[in-house]
Amino acid sequence: MKRGFLRYVTIRILQTIPVLVGISMVVFVIIHFAPGDPVVNRLGIQATEENIQELRRAYGLDQPLYIQYLEWLSGILRGDFGRSLTQGGRPVADLIRSRLPATLFLAVSSLFVSVVIALPAGVLSAVKKNTLTDYGVSVGALSGVSIPNFWLGLILILLLARILGVLPAGNYVSPAERPIAALEHVVLPAITVGTAYAALLTRQTRSAVLDNLDTDNVRMAKSKGLAPRRILTHHVLKQSLLPVITVAGLQFGYMLSATVVVEQVFAWPGLGRLIWLAVRQQDYPTVQGTVLVIAFIFVMVNLAVDLAYSYLDPRVSAA
Amino acid sequence: MAARDPVLRVEDLTTEFMTDAGPITAVQDVSFDLYQGERLGIVGESGSGKSVTALSIMGLLERNGRIDRGSIRLNGRELTAVSTDELNDIRGEEIAMILQDPMTALTPTLSAGTQIVETVLEHDDVSRTAARDRAMELLEQVRIPNPETVMDSYPNELSGGQRQRVLIAIAISCSPDVLIADEPTTALDVTIQAQILDLLHELVEDRDMALIHITHDLGVVSEMTDRVAVMYASRFVEIGPTRELFVQPRHPYTAGLLRATPRKTDTEPELLSGTVPDPKNRPTGCNYAARCPHATEACREDDPPLVAAEDGRPVACVRTDELGYLPAAPTADPTETATERAGSGGDPLLEAIGLRKEFTAAESILDRVLPGGDPPIKAVDGVDVSLGAEETVGLVGESGSGKTTLGRLLISLTDRTAGDIVFDGEPLDSLSSDELRSRVQFVFQDPNSSLNPRQTIRDILGHAVRHHGTHDGDVDATVRSLLEEVGLEPNLVDSYPFELSGGQRQRIGIARALSVDPDVLIADEPTSALDVSVQGQILALLERIKRERTLAMLFVSHDLSVIRHISDRIAVMYLGEIVETGRTERVFREPKHPYTEALLSAIPRIDPRKTADRIILDGEVPDPGRPPTGCNFVTRCPHAMSECGERDPALVAVEGAEDGQRRSACFLHHDTEKPASRE
Amino acid sequence: MTTRSRDRWRRTWREFRSRSLAVAGLVIVVTVIVVGAFATIDSYLFDAELITTLYYDPNNPQFVPLQEPSVDHPFGTDSLGRDVLARTIYGAKISIQVGVTAVTIAATIGSIMGILAGYAGGYVEMAIMRFVDVMLGFPALVLAIGVVAVLGFSLQNVIIALGFVYVPQFARIGRSTAISVAEEEYIDAARAMGYSDTHIVFREVLPNSISPLLVQASLLMAFAIIAEASLSFLGLGARPPTATWGQMVASGSDYLEQAPWLSIVPGLAIFLTVLGFNLVGDGLRDALDPRESSERRF
């Protein structure tokens, strides 16, 4: 274990706590100022003033805001996200739990697709700077970030599912139950979600590799007569990929956002579809819970990326 | 030696770079032979083409550069014609290179050991264990303390000196025939430079390698080479044995450079006027004609080729036989320049007592609260310093000594942790910001960064003049007169900084400081980013302004030779403390602290006839966050005694020295105050 | 502005102009802006009279539904019998409005916050950056959906939501730029001259921080347009019958096999517009970066 690494880990983990608290506050405050009185909504307009007051007390809504927040937060920490205003009043936590696997499966598949495309493309493009290959990759990457994913999804469905009929148009199949079918069904959604992310990563990789190709340490490596392949793999790539990892973490949020949209296109029963339905039906507790969980996943991914980075890069935290 | 074939023969090497404005020639018709065991120096100012010469030989030119013509033969093989694979076999095996900046030349994500081992494995058919053993041997040969630890250390865990040793170990790992060292010690402090030069010298001697040593430093060339080539505006202008060339130069540029370089001696350096011509816009005829005191009409007609003079030495000057040998040292009468300066001994204008500055390494509150963090760095650790009216004090020290911080504390650019500063009899804190800044001014180190790139000279100086009301109604006229005062054409007012040369920018920096009509000038390494000839011009300018405006000046520098000629008094700093102070000539003549002594002896001498009796300090400056107990210098001091590790010697007057101004923080020189008598 | 300062922009322009892709992007962006401006003027001042006179009314169903592209209707008609080209022209209005307004809001607030944090340091920086950290903890579109959910589905709320969620992007870049500018010696020099903090922030730091923020604005414009389209696609944006590209793609998806042009045309419009802003942003970044310029080889 590296010197000072444990200390760095502790600091980074402790630093995450205020961020998570801040996120919970933002979510709480936003929903708190939602129009309409949840109690009135619940009881309908015929409710008497007395009924309303009673329910308010029962829900703790007569308490000062910070008390309400703390109670809500302590509920969250115990896994109690409240109850849905629709969906037969099911606990929000249950809803999230049932939808999470589909979203995670899609996200991981998309990540895989992106990385497999982006890293080789980015490195190739940088090494062959200003050649036809480079222009091709660059234009491809630019198109990739510019293409609206929901549209790309529709085009893919039209071409590959409807016209050619080679792949199913989404429709989640649990990978735990039918792994092969699950993979088949995830291909189109994963490409749809992964394209923009792959494009972003390709551009990052290209510029990071370019930065590291023109350095004193590469000149030094050349002057010792190292083979070009070794210079690339040992002296350029590792240095270049480290910053790419960080950016990949930061832009993972972009992929989570994409999931929310693309799930509509492919009727994918994940968190995105959950939040979409909840928003349309003004089911605020469900919106609240889902946004919170997505943000939590994002923060954790970034934390993990950051720790991996600092472990791999000798320059961080050893000083 | 001459009977053998040369290891390396370079003929008519010409290298071009493609730029927006078309191709420019960076190296033109360079030819030389290099024999086994020979040490060749290539010396020149920045932009002269010396580094490009090295990169051309190594085949390391960037993509916009190419060898236009010429031949490079290494052991009889033409390097300009070999394939990339062959070149990779040759590089590292037959010819190796040490790059300038040890901080960037090692790959940060690979351990030092790996970077040596991979070189060995690439060229020799040995096992990984054998390669590792070789790497360990090499680290021992480059005299790295704790080679086992260094093997597994990453570059960021090593100091600058250690990294340079690792680079040397890599370069010599496959016993190349030719070693090219491109400014190998420029990024290092002078005491570390001495160690590295000593090591290089020994390695080259032991292994009978041929060395090309590229540098701008005449002292380094003089001590480190057998033969030297002087490069100016892409060409060799003179080449010959160092001992002859540095004593009896023939080319006017060589002579001018030698005379313009400040030395430790009493004689003042001479001024080398003008600047190097822009490579895109070179004059017809001799490139040096515009600056040459001996130039005639003939010089402006044709570019003189490098041909043998009457004594056989190749010189690129049409008048060389006519001029003969030129003087290598300044001709001024030493008694005239070496007189003691008349700095006032009266009340100090600016005085600091017990000044302290600690920088915290912690980035956040958590970092500060959690155990195991880095201790605060004591950049300035209890310093007393004073500056009299019209006096110039030179503050000298290596990097990390705290000299720059001290300068910044004195003008409140950095907040001090503790201590008092008194200006003109009043505490600094009682002065308003504008009042302080209108009386004490600062000249910055890097002229590339000290001027706002989005403001014209008129904006920069005009605003200063208006802010402090130092004009008589006509701001423009005041700005113009400031420009004239610092030796610039007034029509530069509408220029942006990027349109000016480094020297011109530094003059603007000085003009800005003068715009408030100050009493005190603090100059932080104002010439360290500049070439020798420009440095001389800026020093002369500061000297003149100081005299005309009767300014007091604190001159901060790492370069003792520069400080020698501008200061009345000097203070030597080491690890946040002043270790010695006194009148400049006295300190130079008879240092009273082992560190000053080592520092003085570490300066390479330009005159090759003077043999250096060098004190080479061991080790490097300790981490300022964890200074040693007792005297800060104890870890490196050749005279360390047991008590030095116990108590920190105070800075007290040295017995028998001049009027109590000579003070030293060393028990060796604490004659008046026996260690036992201290509380 | 002095003539020389104009020279500087002229140099940047020359660098920019030498990149054919960047110029292509600029052409796209200018075209979309002109079309969007036309639609905006038409809809607010003339109540769609102009386009109706020149071509067809984008909002009123008046033709046979689901007609294939023809000379009369180059992009066909939609399920309600409206001309798709007319609606696509009107869609430009929404995209540009949302992109420009949201990014302007975010850039103004974010840049000032960031530069303030970077220059002031200490508690100011800590407070601002903690806020930014929290905001960056949300995937941007997810947060925007949350905000829209509460404020209600409308064009104005989409602008507010996107303006809000992109603030931290600018704050981050503003801060890092300000920090690197603050390390330059000319900032120390300004302090040594005794200039006020206001002078230093506005005269010394800000002018030298503009370029990266400008590049970021141009790139985020692309993101904002996609985000608006996504929200519209999800039915969380401007209300029908307002023509928005995202909503056009969504309603066309019901007739994907039958009338694919309904989705393809507005989707292409989004793609080209976003591509245009990305190309301009890239070109601007390269033109402003001296390292990238003049890569010339033998």
# chains A, B, ... in the order shown; residues from 1 in each chain; ligands from 1

call {"tool": "closest_atom_pairs", "arguments": {"of": "chain B", "to": "chain C", "cutoff": "6 Å", "atoms": "only C-alpha atoms", "output": "tab-separated table"}}
result
residue	atom	partner	partner_atom	distance
B:Arg63	CA	C:Arg297	CA	5.9
B:Asn64	CA	C:Arg297	CA	4.3
B:Asp434	CA	C:Gly194	CA	5.4
B:Arg437	CA	C:Gly194	CA	5.7
B:Ser449	CA	C:Glu185	CA	5.3
B:Ser450	CA	C:Tyr186	CA	4.0
B:Leu451	CA	C:Tyr186	CA	5.0
B:Asn452	CA	C:Tyr186	CA	5.5

call {"tool": "write_last_selection", "arguments": {"atoms": "N, CA, C and O atoms", "output": "PDB file, in the first residue's frame"}}
result
ATOM      1  N   ARG B  63       7.873  17.264 -35.356  1.00  0.00           N
ATOM      2  CA  ARG B  63       7.377  16.988 -36.692  1.00  0.00           C
ATOM      3  C   ARG B  63       7.509  18.162 -37.657  1.00  0.00           C
ATOM      4  O   ARG B  63       7.471  17.972 -38.868  1.00  0.00           O
ATOM      5  N   ASN B  64       7.635  19.368 -37.116  1.00  0.00           N
ATOM      6  CA  ASN B  64       7.784  20.495 -38.022  1.00  0.00           C
ATOM      7  C   ASN B  64       9.254  20.805 -38.313  1.00  0.00           C
ATOM      8  O   ASN B  64       9.576  21.820 -38.909  1.00  0.00           O
ATOM      9  N   ASP B 434      -1.882  52.188  -0.466  1.00  0.00           N
ATOM     10  CA  ASP B 434      -1.383  53.058  -1.523  1.00  0.00           C
ATOM     11  C   ASP B 434      -0.088  53.756  -1.136  1.00  0.00           C
ATOM     12  O   ASP B 434       0.791  53.951  -1.955  1.00  0.00           O
ATOM     13  N   ARG B 437       2.730  51.186  -1.333  1.00  0.00           N
ATOM     14  CA  ARG B 437       3.046  50.843  -2.711  1.00  0.00           C
ATOM     15  C   ARG B 437       3.615  52.008  -3.500  1.00  0.00           C
ATOM     16  O   ARG B 437       4.209  51.807  -4.557  1.00  0.00           O
ATOM     17  N   SER B 449       5.468  36.716 -17.760  1.00  0.00           N
ATOM     18  CA  SER B 449       4.238  36.550 -16.996  1.00  0.00           C
ATOM     19  C   SER B 449       3.888  37.803 -16.201  1.00  0.00           C
ATOM     20  O   SER B 449       2.784  37.939 -15.712  1.00  0.00           O
ATOM     21  N   SER B 450       4.793  38.760 -16.098  1.00  0.00           N
ATOM     22  CA  SER B 450       4.527  39.884 -15.198  1.00  0.00           C
ATOM     23  C   SER B 450       3.782  41.028 -15.868  1.00  0.00           C
ATOM     24  O   SER B 450       3.460  42.008 -15.222  1.00  0.00           O
ATOM     25  N   LEU B 451       3.526  40.913 -17.168  1.00  0.00           N
ATOM     26  CA  LEU B 451       2.738  41.953 -17.842  1.00  0.00           C
ATOM     27  C   LEU B 451       1.440  41.333 -18.346  1.00  0.00           C
ATOM     28  O   LEU B 451       1.454  40.263 -18.957  1.00  0.00           O
ATOM     29  N   ASN B 452       0.331  42.014 -18.104  1.00  0.00           N
ATOM     30  CA  ASN B 452      -0.964  41.516 -18.563  1.00  0.00           C
ATOM     31  C   ASN B 452      -0.994  41.464 -20.080  1.00  0.00           C
ATOM     32  O   ASN B 452      -0.846  42.478 -20.747  1.00  0.00           O
TER      33      ASN B 452
END

call {"tool": "residues_around", "arguments": {"residues": "Gln281 (chain A)", "least_positions_apart": "4", "cutoff": "9 Å", "atoms": "only C-alpha atoms", "output": "ChimeraX atom specification"}}
result
/A:85-86,276-277

call {"tool": "residues_around", "arguments": {"residues": "Leu275 (chain C)", "least_positions_apart": "6", "cutoff": "9 Å", "atoms": "only C-alpha atoms", "output": "PyMOL selection string"}}
result
(chain A and resi 142-143+145-147) or (chain C and resi 25+28-29+222)

call {"tool": "interface_residues", "arguments": {"of": "chain C", "to": "chain A", "cutoff": "8 Å", "atoms": "only C-alpha atoms", "output": "tab-separated table (two decimals) with N, CA and C atoms, in the first residue's frame"}}
result
chain	number	residue	atom	x	y	z
C	130	ARG	N	-18.50	24.20	-2.51
C	130	ARG	CA	-19.33	23.14	-1.91
C	130	ARG	C	-20.66	23.08	-2.65
C	131	PHE	N	-21.22	24.27	-2.92
C	131	PHE	CA	-22.47	24.33	-3.67
C	131	PHE	C	-22.30	23.67	-5.04
C	133	ASP	N	-20.07	21.46	-5.92
C	133	ASP	CA	-19.90	20.00	-5.74
C	133	ASP	C	-21.25	19.31	-5.63
C	134	VAL	N	-22.14	19.92	-4.83
C	134	VAL	CA	-23.46	19.32	-4.65
C	134	VAL	C	-24.21	19.28	-5.98
C	135	MET	N	-24.17	20.42	-6.69
C	135	MET	CA	-24.88	20.49	-7.97
C	135	MET	C	-24.32	19.47	-8.97
C	137	GLY	N	-23.18	16.75	-8.26
C	137	GLY	CA	-23.54	15.42	-7.82
C	137	GLY	C	-24.76	14.88	-8.55
C	138	PHE	N	-25.50	15.78	-9.21
C	138	PHE	CA	-26.66	15.35	-9.99
C	138	PHE	C	-26.30	15.24	-11.46
C	139	PRO	N	-26.71	14.16	-12.12
C	139	PRO	CA	-26.64	14.18	-13.58
C	139	PRO	C	-27.54	15.33	-14.06
C	140	ALA	N	-27.01	16.17	-14.97
C	140	ALA	CA	-27.67	17.43	-15.30
C	140	ALA	C	-29.13	17.25	-15.72
C	141	LEU	N	-29.37	16.31	-16.60
C	141	LEU	CA	-30.74	16.18	-17.13
C	141	LEU	C	-31.70	15.69	-16.05
C	142	VAL	N	-31.20	14.82	-15.17
C	142	VAL	CA	-32.04	14.29	-14.10
C	142	VAL	C	-32.46	15.44	-13.18
C	143	LEU	N	-31.52	16.32	-12.86
C	143	LEU	CA	-31.86	17.45	-12.01
C	143	LEU	C	-32.86	18.35	-12.74
C	145	ILE	N	-35.03	17.51	-14.91
C	145	ILE	CA	-36.34	16.85	-14.86
C	145	ILE	C	-37.00	17.11	-13.51
C	146	GLY	N	-36.20	16.99	-12.44
C	146	GLY	CA	-36.73	17.25	-11.09
C	146	GLY	C	-37.27	18.67	-10.99
C	147	VAL	N	-36.52	19.63	-11.51
C	147	VAL	CA	-36.94	21.02	-11.41
C	147	VAL	C	-38.21	21.25	-12.22
C	149	ALA	N	-40.38	19.07	-12.99
C	149	ALA	CA	-41.48	18.35	-12.35
C	149	ALA	C	-42.18	19.26	-11.35
C	150	VAL	N	-41.39	20.04	-10.64
C	150	VAL	CA	-41.96	20.89	-9.60
C	150	VAL	C	-42.55	22.17	-10.19
C	151	LEU	N	-41.83	22.77	-11.14
C	151	LEU	CA	-42.28	24.05	-11.66
C	151	LEU	C	-43.42	23.88	-12.67
C	222	ALA	N	-24.66	23.37	-27.30
C	222	ALA	CA	-24.99	22.09	-27.93
C	222	ALA	C	-25.69	21.17	-26.94
C	226	ILE	N	-29.72	19.72	-26.96
C	226	ILE	CA	-30.08	18.31	-26.83
C	226	ILE	C	-30.96	18.09	-25.60
C	229	ALA	N	-34.42	19.22	-26.26
C	229	ALA	CA	-35.09	18.27	-27.14
C	229	ALA	C	-35.49	17.02	-26.36
C	230	SER	N	-34.61	16.58	-25.44
C	230	SER	CA	-34.91	15.40	-24.64
C	230	SER	C	-36.14	15.64	-23.77
C	233	PHE	N	-39.11	15.65	-25.88
C	233	PHE	CA	-39.37	14.29	-26.30
C	233	PHE	C	-40.13	13.53	-25.21
C	234	LEU	N	-39.74	13.81	-23.95
C	234	LEU	CA	-40.38	13.14	-22.82
C	234	LEU	C	-41.73	13.77	-22.50
C	236	LEU	N	-42.06	16.85	-21.39
C	236	LEU	CA	-41.92	17.70	-20.21
C	236	LEU	C	-41.57	19.13	-20.61
C	249	VAL	N	-40.29	14.55	-32.84
C	249	VAL	CA	-39.72	13.20	-32.93
C	249	VAL	C	-40.60	12.22	-32.16
C	253	SER	N	-42.82	9.00	-33.56
C	253	SER	CA	-42.37	7.64	-33.29
C	253	SER	C	-43.53	6.65	-33.31
C	256	LEU	N	-43.55	5.14	-36.95
C	256	LEU	CA	-42.16	4.96	-37.35
C	256	LEU	C	-42.04	4.24	-38.69
C	257	GLU	N	-42.81	3.18	-38.88
C	257	GLU	CA	-42.68	2.42	-40.13
C	257	GLU	C	-43.52	3.05	-41.23
C	263	SER	N	-40.26	11.49	-37.79
C	263	SER	CA	-39.22	11.50	-36.75
C	263	SER	C	-37.87	11.88	-37.32
C	264	ILE	N	-37.63	11.43	-38.56
C	264	ILE	CA	-36.29	11.63	-39.11
C	264	ILE	C	-35.98	13.11	-39.33
C	267	GLY	N	-35.34	15.13	-36.11
C	267	GLY	CA	-34.13	14.58	-35.50
C	267	GLY	C	-32.89	15.07	-36.21
C	270	ILE	N	-32.12	18.59	-35.18
C	270	ILE	CA	-31.41	18.65	-33.89
C	270	ILE	C	-29.95	18.30	-34.09
C	271	PHE	N	-29.74	17.19	-34.79
C	271	PHE	CA	-28.38	16.70	-34.99
C	271	PHE	C	-27.51	17.77	-35.65
C	272	LEU	N	-28.01	18.36	-36.74
C	272	LEU	CA	-27.20	19.35	-37.45
C	272	LEU	C	-26.93	20.59	-36.60
C	274	VAL	N	-26.86	20.85	-33.32
C	274	VAL	CA	-25.92	20.53	-32.24
C	274	VAL	C	-24.51	20.35	-32.82
C	275	LEU	N	-24.44	19.67	-33.95
C	275	LEU	CA	-23.14	19.50	-34.61
C	275	LEU	C	-22.52	20.86	-34.91
C	278	ASN	N	-21.12	22.35	-31.79
C	278	ASN	CA	-19.91	21.63	-31.39
C	278	ASN	C	-18.73	21.99	-32.27
C	279	LEU	N	-18.97	22.10	-33.57
C	279	LEU	CA	-17.88	22.45	-34.49
C	279	LEU	C	-17.36	23.86	-34.19

call {"tool": "atom_distance", "arguments": {"atom1": "CA of Asp623 (chain B)", "atom2": "CA of Pro145 (chain B)"}}
result
16.0 Å

call {"tool": "residues_around", "arguments": {"residues": "Val247 (chain A)", "least_positions_apart": "2", "cutoff": "10 Å", "atoms": "only C-alpha atoms", "output": "PyMOL selection string"}}
result
chain A and resi 200-201+204-205+241-245+249-252+302+305

call {"tool": "write_last_selection", "arguments": {"atoms": "C-alpha atoms", "output": "mmCIF file, in the first residue's frame"}}
result
data_model
loop_
_atom_site.group_PDB
_atom_site.id
_atom_site.type_symbol
_atom_site.label_atom_id
_atom_site.label_comp_id
_atom_site.auth_asym_id
_atom_site.auth_seq_id
_atom_site.Cartn_x
_atom_site.Cartn_y
_atom_site.Cartn_z
ATOM 1 C CA LEU A 200 -16.909 11.987 -25.340
ATOM 2 C CA LEU A 201 -14.371 9.404 -24.175
ATOM 3 C CA GLN A 204 -10.770 12.837 -24.205
ATOM 4 C CA THR A 205 -8.494 9.918 -24.974
ATOM 5 C CA LEU A 241 -5.539 7.030 -19.466
ATOM 6 C CA LEU A 242 -5.389 8.290 -15.901
ATOM 7 C CA PRO A 243 -6.960 11.670 -16.729
ATOM 8 C CA VAL A 244 -9.394 9.908 -19.056
ATOM 9 C CA ILE A 245 -10.625 7.833 -16.121
ATOM 10 C CA GLY A 249 -16.281 9.457 -13.957
ATOM 11 C CA LEU A 250 -17.408 13.052 -14.263
ATOM 12 C CA GLN A 251 -19.265 12.346 -17.460
ATOM 13 C CA PHE A 252 -20.865 9.196 -16.142
ATOM 14 C CA ASN A 302 -17.043 9.417 -8.897
ATOM 15 C CA VAL A 305 -13.003 6.578 -9.818
#

call {"tool": "atom_distance", "arguments": {"atom1": "CA of Ile98 (chain B)", "atom2": "CA of Ile168 (chain B)"}}
result
6.5 Å

call {"tool": "interface_residues", "arguments": {"of": "chain A", "to": "chain B", "cutoff": "8 Å", "atoms": "only C-alpha atoms", "output": "list in words"}}
result
Gly4, Arg7, Ile11, Thr215, Asp216, Asn217, Val218, Arg219, Met220, Lys222, Ser223, Lys224, Gly225, Leu226, Ala227, His234, His235, Lys238, Gln239, Asp313, Pro314, Arg315, Ala318 and Ala319 of chain A

call {"tool": "residues_around", "arguments": {"residues": "region 94-109 of chain A", "least_positions_apart": "6", "cutoff": "8 Å", "atoms": "only C-alpha atoms", "output": "ChimeraX atom specification"}}
result
/A:172,174-175,186-187,189-190,193,255-256,259,268-272,274,289-290

call {"tool": "write_last_selection", "arguments": {"atoms": "all heavy atoms", "output": "compact mmCIF listing (two decimals), in the first residue's frame"}}
result
# COMPACT_ATOMS: atom_id res chain seq x y z
N TYR A 172 -36.79 -5.26 -21.83
CA TYR A 172 -35.88 -5.81 -20.85
C TYR A 172 -36.16 -7.27 -20.53
O TYR A 172 -37.30 -7.66 -20.33
CB TYR A 172 -35.98 -4.97 -19.58
CG TYR A 172 -35.20 -5.48 -18.41
CD1 TYR A 172 -33.81 -5.45 -18.42
CD2 TYR A 172 -35.86 -5.97 -17.27
CE1 TYR A 172 -33.10 -5.90 -17.32
CE2 TYR A 172 -35.14 -6.41 -16.17
CZ TYR A 172 -33.76 -6.38 -16.21
OH TYR A 172 -33.07 -6.82 -15.13
N SER A 174 -34.53 -10.11 -17.82
CA SER A 174 -33.60 -10.14 -16.69
C SER A 174 -32.39 -11.00 -17.00
O SER A 174 -32.53 -12.17 -17.38
CB SER A 174 -34.31 -10.68 -15.45
OG SER A 174 -33.35 -11.05 -14.49
N PRO A 175 -31.18 -10.46 -16.86
CA PRO A 175 -29.98 -11.25 -17.15
C PRO A 175 -29.82 -12.41 -16.19
O PRO A 175 -29.13 -13.37 -16.51
CB PRO A 175 -28.84 -10.23 -17.00
CG PRO A 175 -29.40 -9.13 -16.19
CD PRO A 175 -30.87 -9.09 -16.43
N VAL A 186 -30.37 -6.18 -24.88
CA VAL A 186 -29.75 -4.95 -24.37
C VAL A 186 -28.87 -4.29 -25.44
O VAL A 186 -28.44 -3.16 -25.28
CB VAL A 186 -28.93 -5.24 -23.08
CG1 VAL A 186 -27.53 -5.71 -23.41
CG2 VAL A 186 -28.89 -3.99 -22.20
N VAL A 187 -28.61 -4.99 -26.54
CA VAL A 187 -27.67 -4.45 -27.53
C VAL A 187 -28.08 -3.06 -28.03
O VAL A 187 -27.33 -2.10 -27.92
CB VAL A 187 -27.50 -5.42 -28.72
CG1 VAL A 187 -26.69 -4.76 -29.82
CG2 VAL A 187 -26.80 -6.69 -28.26
N PRO A 189 -30.41 -0.78 -26.96
CA PRO A 189 -30.39 0.30 -25.95
C PRO A 189 -28.97 0.68 -25.52
O PRO A 189 -28.67 1.86 -25.34
CB PRO A 189 -31.16 -0.29 -24.77
CG PRO A 189 -31.89 -1.46 -25.29
CD PRO A 189 -31.25 -1.90 -26.55
N ALA A 190 -28.10 -0.32 -25.39
CA ALA A 190 -26.74 -0.03 -24.92
C ALA A 190 -25.98 0.81 -25.95
O ALA A 190 -25.26 1.74 -25.59
CB ALA A 190 -25.98 -1.33 -24.64
N VAL A 193 -27.42 4.39 -25.71
CA VAL A 193 -26.93 5.15 -24.55
C VAL A 193 -25.43 5.38 -24.67
O VAL A 193 -24.92 6.45 -24.34
CB VAL A 193 -27.26 4.40 -23.24
CG1 VAL A 193 -26.59 5.07 -22.07
CG2 VAL A 193 -28.76 4.35 -23.03
N MET A 255 -24.25 9.74 -18.92
CA MET A 255 -24.79 8.45 -19.30
C MET A 255 -26.05 8.14 -18.50
O MET A 255 -27.02 7.59 -19.03
CB MET A 255 -23.76 7.36 -19.10
CG MET A 255 -24.18 6.07 -19.74
SD MET A 255 -22.81 5.10 -20.21
CE MET A 255 -22.58 4.18 -18.73
N LEU A 256 -26.05 8.49 -17.21
CA LEU A 256 -27.25 8.26 -16.40
C LEU A 256 -28.41 9.06 -16.95
O LEU A 256 -29.54 8.58 -17.03
CB LEU A 256 -26.97 8.65 -14.94
CG LEU A 256 -26.07 7.69 -14.16
CD1 LEU A 256 -25.71 8.27 -12.80
CD2 LEU A 256 -26.76 6.34 -13.97
N THR A 259 -29.74 7.38 -19.94
CA THR A 259 -30.54 6.21 -19.61
C THR A 259 -32.01 6.60 -19.42
O THR A 259 -32.91 5.93 -19.90
CB THR A 259 -30.02 5.58 -18.30
OG1 THR A 259 -28.61 5.56 -18.36
CG2 THR A 259 -30.51 4.18 -18.13
N TRP A 268 -38.00 0.38 -21.48
CA TRP A 268 -37.10 -0.32 -20.55
C TRP A 268 -37.54 -0.04 -19.13
O TRP A 268 -37.56 1.13 -18.72
CB TRP A 268 -35.68 0.20 -20.79
CG TRP A 268 -34.58 -0.68 -20.28
CD1 TRP A 268 -33.92 -0.55 -19.11
CD2 TRP A 268 -34.02 -1.80 -20.95
NE1 TRP A 268 -32.98 -1.52 -18.99
CE2 TRP A 268 -33.01 -2.31 -20.09
CE3 TRP A 268 -34.27 -2.44 -22.16
CZ2 TRP A 268 -32.25 -3.41 -20.44
CZ3 TRP A 268 -33.51 -3.54 -22.49
CH2 TRP A 268 -32.52 -4.02 -21.63
N PRO A 269 -37.90 -1.05 -18.35
CA PRO A 269 -38.52 -0.78 -17.05
C PRO A 269 -37.50 -0.43 -15.97
O PRO A 269 -37.34 -1.14 -14.98
CB PRO A 269 -39.21 -2.11 -16.73
CG PRO A 269 -38.33 -3.12 -17.41
CD PRO A 269 -37.78 -2.48 -18.63
N GLY A 270 -36.82 0.70 -16.14
CA GLY A 270 -35.80 1.09 -15.16
C GLY A 270 -36.19 2.33 -14.40
O GLY A 270 -37.35 2.76 -14.42
N LEU A 271 -35.19 2.94 -13.75
CA LEU A 271 -35.45 4.13 -12.95
C LEU A 271 -35.92 5.29 -13.83
O LEU A 271 -36.71 6.12 -13.39
CB LEU A 271 -34.16 4.55 -12.22
CG LEU A 271 -33.68 3.63 -11.11
CD1 LEU A 271 -32.39 4.16 -10.51
CD2 LEU A 271 -34.75 3.48 -10.04
N GLY A 272 -35.42 5.35 -15.05
CA GLY A 272 -35.80 6.43 -15.94
C GLY A 272 -37.29 6.42 -16.23
O GLY A 272 -37.95 7.45 -16.19
N LEU A 274 -39.46 5.03 -14.36
CA LEU A 274 -40.13 5.29 -13.09
C LEU A 274 -40.25 6.79 -12.86
O LEU A 274 -41.30 7.32 -12.52
CB LEU A 274 -39.31 4.64 -11.96
CG LEU A 274 -39.87 4.81 -10.55
CD1 LEU A 274 -41.22 4.11 -10.41
CD2 LEU A 274 -38.90 4.26 -9.51
N GLY A 289 -37.36 10.33 -4.36
CA GLY A 289 -36.57 9.14 -4.07
C GLY A 289 -35.69 8.74 -5.25
O GLY A 289 -34.51 8.43 -5.10
N THR A 290 -36.27 8.78 -6.46
CA THR A 290 -35.52 8.32 -7.62
C THR A 290 -34.36 9.26 -7.93
O THR A 290 -33.23 8.81 -8.18
CB THR A 290 -36.45 8.22 -8.85
OG1 THR A 290 -37.69 7.69 -8.43
CG2 THR A 290 -35.85 7.34 -9.90

call {"tool": "residues_around", "arguments": {"residues": "Ala26 (chain B)", "least_positions_apart": "6", "cutoff": "7 Å", "atoms": "only C-alpha atoms", "output": "number ranges by chain"}}
result
B: 15-17, 49, 52, 234

call {"tool": "select_by_dssp", "arguments": {"residues": "region 214-250 of chain B", "states": "strand (DSSP E)", "output": "number ranges by chain"}}
result
B: 214-215, 227-232, 235-241
